[in-house]
Each structure stands twice: as C-alpha cells, then as structure tokens.
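What follows is a set of notes on a single structure, which appears directly below.
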Amino acid sequence: MSGTVCSPTVWWRSGTVYQVYPRSFQDSNGDGIGDLRGITRRLDYIAWLGVDAVWISPIYPSPMADFGYDVADYCGIDPIFGTLDDFDELVAEAHRRRLKVILDFVPNHSSIAHPWFTEARASRNNARRDWYIWRDPAPDGGPPNNWLSNFGGPAWTLDEATGQYYYHAFLREQPDLNWRNPAVRAAMHDVLRFWLERGVDGFRVDVIWHLIKDEGFRDNPENPDFLPHQPEINRFAQVYSADRPEVFDVIAEMRRVLAPYGDRVLIGEIYLPMERLVAYYGPDLDCADLPFNFQLIQTPWRADAVADLVENYEAALPPGGWPNWVLGNHDQPRIAARIGLPQARIAAILLLTLRGTPTLYYGDEIGLDHVSIPPDRVQDPWERNEPGHGRDPERTPMQWDDGPYAGFSTVEPWLPLSADAVSRNVEEMRDAADSILTLYRRLLGLRREHASLSVGSYRTVPLGVDEVFAYERFEDGTTIRVILNFGEAAHRLPLPEGTGWTVLLSSRAGQAGTRLRGDLVLEPSEGVLLLLS
Ligand code: GLC
C-alpha cells in the first residue's frame, strides 16, 4: 500500500510521534544508561502525555562508536539496552496502551565490527567484498576523491591489508554499505521483515538520502558559501556523495517490503533544501510516507520567516503528500536553547497545530535546555573531531522527579543532568497549570478532540503585525484560529465582527474558556488557540 491509497486518518497522519533517545530515557539496571525496561516502565507517562507513537533511536548490538548508529547486528539488542524478550515486552506493553513503536533503521552504514565488514575486508575477492564501497588509491596514494566525512576529515580510510580505501560518510568505524548490490538490498529487506514480524509499526530510516552515491565517484564541487565556523563537511556541496536519482528506486523497494504489513510507516531522515526534500515522497508517493521536515529547526525564529516557510512547504508538497514537522532531535540543539523558554512555548503550539504529523523530542516537553558538558565527560565522537559541534548537550537524561539523579538512575548518569533538575522534572511540572508540560499535554489533548487540528486544512491569516503569525485549521465546519506572538511586545488585535471566539488554550495559564468580544490582547510571547463559534 503506498501513501496514495491509505485513509486520511491513518494513525501516522492524525497522530504524533515522540522520540526517545534510549540511553537517556530511563535506566532500570543501575548502570547510568537508559534501557528497554526503563522505557517500558515509562510507557504510562508517554500514554498520559497523549502522543500516539514512540520512535526509539538505535538499540542494536553496537560498539557504540556513534552510540548505536554503528550497528554490528541488525537483528539483535545490545546488552546495554536489554534483550529481545525485553523488546517484545516493550512492544506488547506499548500496544496495550495503544501506542505505536517505530524503530530506527540504519541501512547506510554498519559498524566496522559487523561480520559482513569483517568478511568484506578479509580479501579483495571475498564474496562480501562488494557489500561495501572499495576504491583504489588515487595515483598519489591518497583517497580516491574529495569526499569528506560528516564528522570531519576524509570519508575514505585505507585498509592496509588489501590496499584499497573504503568509504564512510560518517566515522571510519561506520563503513557505508553498497546499496547498488542487490544482495545488500535483499539482506536489509530481511532485516525489515524481522522487525515487522515482531510487531513494529514502522521505521525512521537514518540518512536515507545517502544510500546511493555517484556511480563515477566524481569530486564534490566547492561550496562558495562555506564559512570557517561551519563543520568541515560544508566545504563542499554534497552533489555526488548523496541525493542521487537512483536512490528513489531503493526507497520504493523498501516501501514495498512494508506494504503487506498494513499501515506501517516509513519515515526518512533527510537534511536537504525544501524542493529536494519533497522529492522523497517519491514520484508516485511510493517512497517515504514522511520525509522528515527539519525546516523549523533551520529557519530563523521570526514570525515572517516561519509564515513564509509554512506557505512554501504547503505549496511544495506533492498532491496527496502528507506534511510533517520536527522541532528537535538528538542531533540538534534543544529548542529551549535555540529560542529561549518563553518562545519554546510558542514553538510547542506551532509544532502541534500546524498541518502535518509532529515529532516531539523527549525532554522538550519539560523545557530541557542545553546542558553544558565538562570536557572530561564529552561522549560524542563528533565533539572530539570538531569541538563545538558535539551533540551531548541535547542528549542528557530525562528528568522525572527531584530524587537522586532525577529519578533517571540510581547512579551518576552517562551524561550530566541539567542544573535545575530539582525543579525541572515531570513530577514537579505535571500538575502545575502554567508548566510547559501542561501546555504540551493540553495541546496533545486538543489534537485528539478536534479533527480540524489533526487532519484539517490550513490557511494563513494575514494580520499585518510583523511579530505575529496567525493561521486557521478547519474541518467539517469547525475553525480554530492560532495566533502566535514571536515578539516581546503586547498587541491589541481586532477580531472579525459578527463572529464569536472562545479561547481554547493560551500559553498563559487560566485563559481557556474565555469568550472574546471585540479585540484580543496578545501578551508578549503569548500564543492562543481560538475556536470559532
Ligand atoms: C543520523 C543520526 C545521527 C548519526 C548519523 C550517522 O544523522 O541521526 O545521530 O550520527 O546519522 O548514523
């Protein structure tokens, strides 16, 4: 079943996704690292919050060079996280609570420790040699072309024993698989089926636009806009190392593996400009159901810029392509760190009221901020290679209560907690009328109550005020107007005469239920949802 024929209310369209970074959600065995049983223990919280699906970052056996994004066995569970039995229990318990489970699938590269790679590097004529990407050295003995690793340095490492370079878009411990090889594709399809048979409801596919590289391995052109503070990878435009036309066949094939299993979802991780991003729905909507849209992360936080972004995205979507929005993930600075806490509340409203499937990142619902990491506690290999670009600050443990280690663990966690963990935690915030957690939960509740919010249409409402972005969502005669103040001044906004508006929600506590007449006074950094009645 491709995206075209599924019902408009299939769960991954009307629902919401919550990303769990498993190392940091809940430790159940006292080693300072989160695990599967920990997640299972917290499923009641996830259900209480009101999301529909949990996406879990990689849990497979791994040397953890890139914290699980270096997979040594695609069909197992790393002992740090538990066992396959723990996984089955998690899926069963999630389903019992009507929660879907989405796995992270990392097909572009394996770990250097994967048996496939051990075989491939054993000799030039090993049957698995062509499962990875090998090239002879350049005439001077150096790398075959100018492609760089996303974590800094060349993307090619010389295998001394066999005299050829292998390609790795990320760490040298993450050799890229050769997706032009049908045997690789078949093996990976079996991996998908293995997890589908265990009941998973879909996959988030890691760096899906990387799967196919230029057949001729041409040099990437220089990027004229490169700035010295940027990661080294930006020195070149990634024209030949990724986003190649043949990738769509590979993705469509993957989608076909999911098809017989019903309404499972295929989400693609894609960092590309808008016009390229939307191509990943596929020529016949037969590729990614949801090509992750990271544009809210990349757009300047101004009302006009965000309004333009939404208009442009809506216009760029292929007919029938379902939109989606992401505010944060384990690779990006926390939303609270990027725009501050008052605006993080506006961001929550935006994420949960725009048209399209929202993905929430664990911890954002309690306003977790950037946690500074002392040099001796740095974990992310990217930070070691290119200081300042590390992702540890957004991967710190979830804060549950004001007990030792914020209820995350019984020992010092693998990354530090935030300094305000005693007050910034679920237990403190869950009943506080003005907490960001309460705001998230109410928004998620409203999405369930109002089809206009979950599946309704979208239109921008021009108000003529620079710092204010307003739009409406409507469905079956119900209209909800969303008005967001991106600025620090209050605004008096006239409401259309002859219509009645009721405040459904305000980012300031205690406003809901008020019936408005005449003007709306929007406080600094205030966002409201009004129901037309
Ligand atoms: C994706 C993941 C990131 C990882 C990289 C390599 O971008 O989100 O965490 O380091 O792929 O697998």
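For the structure tokens, the naming scheme is as follows: chains receive sequential letters (A, B, ...) according to their order of presentation, residues are indexed from 1 within each chain, and ligands are indexed from 1 in presentation order.
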
### Task
Determine, counting only C-alpha atoms, which protein, DNA and RNA residues have an atom within 10 Å of an atom of Asp52 (chain A); residues of the same chain fewer than 6 positions away are not included. Present the result as an NGL selection string.
:A and (11-12 or 14-18 or 46 or 94 or 97-101 or 444)

Neighbours of ligand 1 within 9 Å, counting only C-alpha atoms and all ligand atoms, as an mmCIF file with N, CA and C atoms, in the first residue's frame?
data_model
loop_
_atom_site.group_PDB
_atom_site.id
_atom_site.type_symbol
_atom_site.label_atom_id
_atom_site.label_comp_id
_atom_site.auth_asym_id
_atom_site.auth_seq_id
_atom_site.Cartn_x
_atom_site.Cartn_y
_atom_site.Cartn_z
ATOM 1 N N SER A 57 15.538 5.560 19.172
ATOM 2 C CA SER A 57 16.833 5.586 18.486
ATOM 3 C C SER A 57 17.514 4.214 18.669
ATOM 4 N N ASP A 66 29.310 5.526 17.568
ATOM 5 C CA ASP A 66 28.379 6.636 17.338
ATOM 6 C C ASP A 66 27.067 6.345 18.079
ATOM 7 N N PHE A 67 27.222 5.777 19.268
ATOM 8 C CA PHE A 67 26.101 5.499 20.161
ATOM 9 C C PHE A 67 24.928 4.792 19.498
ATOM 10 N N GLY A 68 25.267 3.698 18.835
ATOM 11 C CA GLY A 68 24.219 2.826 18.288
ATOM 12 C C GLY A 68 23.977 3.035 16.810
ATOM 13 N N TYR A 69 24.439 4.170 16.261
ATOM 14 C CA TYR A 69 24.308 4.372 14.812
ATOM 15 C C TYR A 69 25.436 3.657 14.065
ATOM 16 N N ASP A 70 26.124 2.786 14.783
ATOM 17 C CA ASP A 70 27.124 1.886 14.188
ATOM 18 C C ASP A 70 26.678 0.480 14.593
ATOM 19 N N VAL A 106 19.138 1.721 10.359
ATOM 20 C CA VAL A 106 20.380 2.412 9.973
ATOM 21 C C VAL A 106 21.029 1.669 8.808
ATOM 22 N N PRO A 107 20.478 1.821 7.602
ATOM 23 C CA PRO A 107 20.915 0.982 6.484
ATOM 24 C C PRO A 107 22.117 1.513 5.722
ATOM 25 N N ASN A 108 22.455 2.779 5.882
ATOM 26 C CA ASN A 108 23.504 3.368 5.041
ATOM 27 C C ASN A 108 24.884 2.803 5.355
ATOM 28 N N HIS A 109 25.082 2.513 6.641
ATOM 29 C CA HIS A 109 26.387 2.019 7.064
ATOM 30 C C HIS A 109 26.189 1.043 8.209
ATOM 31 N N SER A 110 27.129 0.119 8.344
ATOM 32 C CA SER A 110 27.104 -0.758 9.509
ATOM 33 C C SER A 110 28.234 -0.310 10.426
ATOM 34 N N ASN A 150 31.079 13.352 7.427
ATOM 35 C CA ASN A 150 30.200 14.301 8.114
ATOM 36 C C ASN A 150 30.713 14.650 9.501
ATOM 37 N N PHE A 151 31.628 13.863 10.006
ATOM 38 C CA PHE A 151 32.187 14.151 11.332
ATOM 39 C C PHE A 151 33.597 14.729 11.226
ATOM 40 N N ALA A 169 30.643 7.744 5.150
ATOM 41 C CA ALA A 169 30.096 9.107 5.202
ATOM 42 C C ALA A 169 30.190 9.685 6.613
ATOM 43 N N PHE A 170 30.357 8.794 7.601
ATOM 44 C CA PHE A 170 30.441 9.257 8.994
ATOM 45 C C PHE A 170 31.785 8.799 9.565
ATOM 46 N N LEU A 171 31.811 8.144 10.702
ATOM 47 C CA LEU A 171 33.096 7.743 11.300
ATOM 48 C C LEU A 171 33.752 6.633 10.486
ATOM 49 N N GLN A 174 32.197 3.394 10.762
ATOM 50 C CA GLN A 174 30.862 3.228 10.147
ATOM 51 C C GLN A 174 30.976 3.113 8.625
ATOM 52 N N VAL A 205 14.206 5.926 8.978
ATOM 53 C CA VAL A 205 15.386 5.443 8.258
ATOM 54 C C VAL A 205 16.476 6.510 8.305
ATOM 55 N N ASP A 206 17.577 6.112 8.902
ATOM 56 C CA ASP A 206 18.719 7.011 9.100
ATOM 57 C C ASP A 206 19.314 7.447 7.754
ATOM 58 N N VAL A 207 19.649 8.722 7.639
ATOM 59 C CA VAL A 207 20.296 9.329 6.451
ATOM 60 C C VAL A 207 19.884 8.677 5.121
ATOM 61 N N GLU A 269 14.973 10.190 7.293
ATOM 62 C CA GLU A 269 15.764 11.332 7.789
ATOM 63 C C GLU A 269 16.427 11.996 6.590
ATOM 64 N N ILE A 270 16.111 13.254 6.360
ATOM 65 C CA ILE A 270 16.613 13.951 5.163
ATOM 66 C C ILE A 270 16.946 15.405 5.501
ATOM 67 N N TYR A 271 18.210 15.746 5.402
ATOM 68 C CA TYR A 271 18.597 17.153 5.534
ATOM 69 C C TYR A 271 18.903 17.674 4.136
ATOM 70 N N ASN A 329 15.799 17.056 17.807
ATOM 71 C CA ASN A 329 16.158 15.643 17.866
ATOM 72 C C ASN A 329 17.534 15.506 18.505
ATOM 73 N N HIS A 330 18.058 14.297 18.500
ATOM 74 C CA HIS A 330 19.312 14.019 19.207
ATOM 75 C C HIS A 330 20.536 14.582 18.491
ATOM 76 N N ASP A 331 20.337 15.237 17.330
ATOM 77 C CA ASP A 331 21.456 15.823 16.581
ATOM 78 C C ASP A 331 21.437 17.344 16.590
ATOM 79 N N ASP A 380 30.260 12.422 22.659
ATOM 80 C CA ASP A 380 30.035 12.389 21.218
ATOM 81 C C ASP A 380 31.350 12.460 20.439
ATOM 82 N N TRP A 382 31.861 13.290 17.493
ATOM 83 C CA TRP A 382 31.932 14.496 16.652
ATOM 84 C C TRP A 382 32.582 15.650 17.430
ATOM 85 N N ARG A 391 27.012 16.755 20.133
ATOM 86 C CA ARG A 391 25.570 16.664 20.354
ATOM 87 C C ARG A 391 25.195 16.190 21.755
#

### Counting only C-alpha atoms, the option among A:Asp73, A:Asp401, A:Asp289, A:Asp85 closest to Arg430 (chain A)
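Under the stated criterion, the closest residue is A:Asp401.
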
### Counting only C-alpha atoms, the residue of A:Leu103, A:Leu227, A:Leu531, A:Leu350 that sits nearest His450 (chain A)
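That would be A:Leu531, the residue with the smallest distance to His450 (chain A).
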
## Note on the structure
One residue among A:Arg23, A:Arg345, A:His389, A:Arg492 is nearest to Thr438 (chain A) when using only C-alpha atoms, and that residue is A:Arg345
